[in-house]
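Engineer: This is the structure I want to talk about, given as structure tokens.
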Amino acid sequence: MQETGNNAASRRPRLTIRVGRKSMSFAVADAAAEHGVCYEPYTVRSGISMAANLRAAFRESPLLSQGYERAMVLVDSPVLMVPLDEFREETMETFYRHAFMGREADVVAYNVLTALNAVAVFAVNKDLKLVADDHFGDVKIAALCSPVWNHLHQRSFTGNRRKLYGYFHDQRLDVASFGKNRFRFCNSYQADRYMDAAYFLLFAWKQLALDSHRDELHLVGDIPERDELLVELRKYVQNVYVINPSADFNRAPASQIKNFPYDLMTYYVKGR
């Protein structure tokens with residue numbers, strides 16, 4: 001018997017809205033799509049807020065016009081990482097606003113990274129959240145890199161060498177290292193030039209006292225001036241690798257989508 005009403009809506013896939021600093025895109029699992037996921041980049045208009053862009057997208061986007069009831073909003077904003085056993089929901093906003101000034105127009109949110117014994121506390125624009133809440137009955141929000149951190153943490157168990165990871169996206173670099181089911185290092189940097197990226201990666205490498213002959217540095221994402229960056233890094237670190245997403249995910253259909261961000265790819269292949 002065909003399902004109708006709320007029961008049918010609850011079984012439809014959850015739409016994903018990816019909100020970068022200057023970009024926006026939408027995706028949803030769809031068995032009828034060529035690669036199992038329907039992906040739609042949205043051209044952001046400069047000069048208006050991301051909330052206004054999202055509001056306009058609901059009038060213009062074919063994907064958003066299909067009446068999905070549930071959404072996951074992945075937000076790229078500064079993250080305060082808190083150990084799980086020290087996290088208190090009633091104090092998270094105070095600590096976040098102390099760490100990141102000038103975000104009074106934002107709502108402070110969080111998502112738990114259970115496998116890493118950590119909580120990612122981050123901000124989402126109040127108007128952007130309102131637009132999402134107005135259009136969906138069930139909205140979840142998470143830090144953009146949450147699926148990437150979880151996946152790279154699992155990936156770090158391969159072999160017995162320590163690893164440092166750099167994920168490039170939205171002209172930013174997220175750097176992470178893991179040990180004993182926890183973050184050993186986690187930070188984010190503005191890095192749209194290869195020399196800046198090299199500096200931040202090597203700084204983290206030195207802080208962690210990694211072995212330049214034995215340990216490994218892995219890069220993934222939209223790497224700026226890739227060849228130049230690799231030459232610079234290999235002056236100091238012997239084992240530098242670029243992760244091929246298709247190989248990383250065993251040629252999963254979602255990994256074949258053109259220009260599909262690695263965080264969305266990870267979300268759909270590995271889950272949040």
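Each chain of the structure tokens is named A, B, ... in the order shown, its residues numbered from 1; ligands are numbered from 1 in display order.
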Applying 7 Å and only C-alpha atoms, which residues near Val37 (chain A) remain after dropping the ones on its own chain fewer than 4 positions away? List them as a PyMOL selection string.
Structural biologist: chain A and resi 27-30+33+254
Engineer: Could you save the residues just selected, with C-alpha atoms, as an mmCIF file, in the first residue's frame?
Structural biologist:
data_model
loop_
_atom_site.group_PDB
_atom_site.id
_atom_site.type_symbol
_atom_site.label_atom_id
_atom_site.label_comp_id
_atom_site.auth_asym_id
_atom_site.auth_seq_id
_atom_site.Cartn_x
_atom_site.Cartn_y
_atom_site.Cartn_z
ATOM 1 C CA ALA A 27 22.448 16.984 -2.008
ATOM 2 C CA VAL A 28 20.162 14.064 -1.316
ATOM 3 C CA ALA A 29 20.413 10.295 -1.608
ATOM 4 C CA ASP A 30 18.522 9.196 -4.717
ATOM 5 C CA ALA A 33 20.443 9.317 -9.763
ATOM 6 C CA ALA A 254 29.269 9.049 -4.748
#
Engineer: Which neighbours of Arg184 (chain A) fall inside 12 Å, counting only C-alpha atoms, when residues of the same chain fewer than 3 positions from it are skipped, and could you give them as a list in words?
Structural biologist: Met81, Pro83, Leu116, Asn117, Ala118, His153, Ser156, Arg162, Lys163, Leu164, Tyr165, Val175, Ala176, Ser177, Phe178, Gly179, Lys180, Asn181, Asn187, Ala204, Trp205, Gln207, Leu208, Ala209 and Leu210 of chain A
Engineer: Would you mind listing what lies within 8 Å of region 93-102 of chain A as a PDB file with C-alpha atoms, in the first residue's frame, with only C-alpha atoms counted and same-chain residues fewer than 4 positions away left out?
Structural biologist:
ATOM      1  CA  PRO A  78      34.860  28.299  13.632  1.00  0.00           C
ATOM      2  CA  LEU A  80      35.612  24.989  19.579  1.00  0.00           C
ATOM      3  CA  GLU A  89      25.594  22.403  27.459  1.00  0.00           C
ATOM      4  CA  VAL A 108      25.754  28.479  19.174  1.00  0.00           C
ATOM      5  CA  VAL A 121      30.830  23.539  19.353  1.00  0.00           C
ATOM      6  CA  PHE A 122      30.218  25.924  16.452  1.00  0.00           C
TER       7      PHE A 122
END
Engineer: May I have the residues within 6 Å of Leu173 (chain A) as a PyMOL selection string, using only C-alpha atoms and disregarding those fewer than 4 positions away in the same chain?
Structural biologist: chain A and resi 167-168+188-189+191
Engineer: Which value, in Å to one decimal, gives the distance between CA of Thr43 (chain A) and CA of Ile243 (chain A)?
Structural biologist: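 If I compute the distance from CA of Thr43 (chain A) to CA of Ile243 (chain A), I get 27.5 Å.
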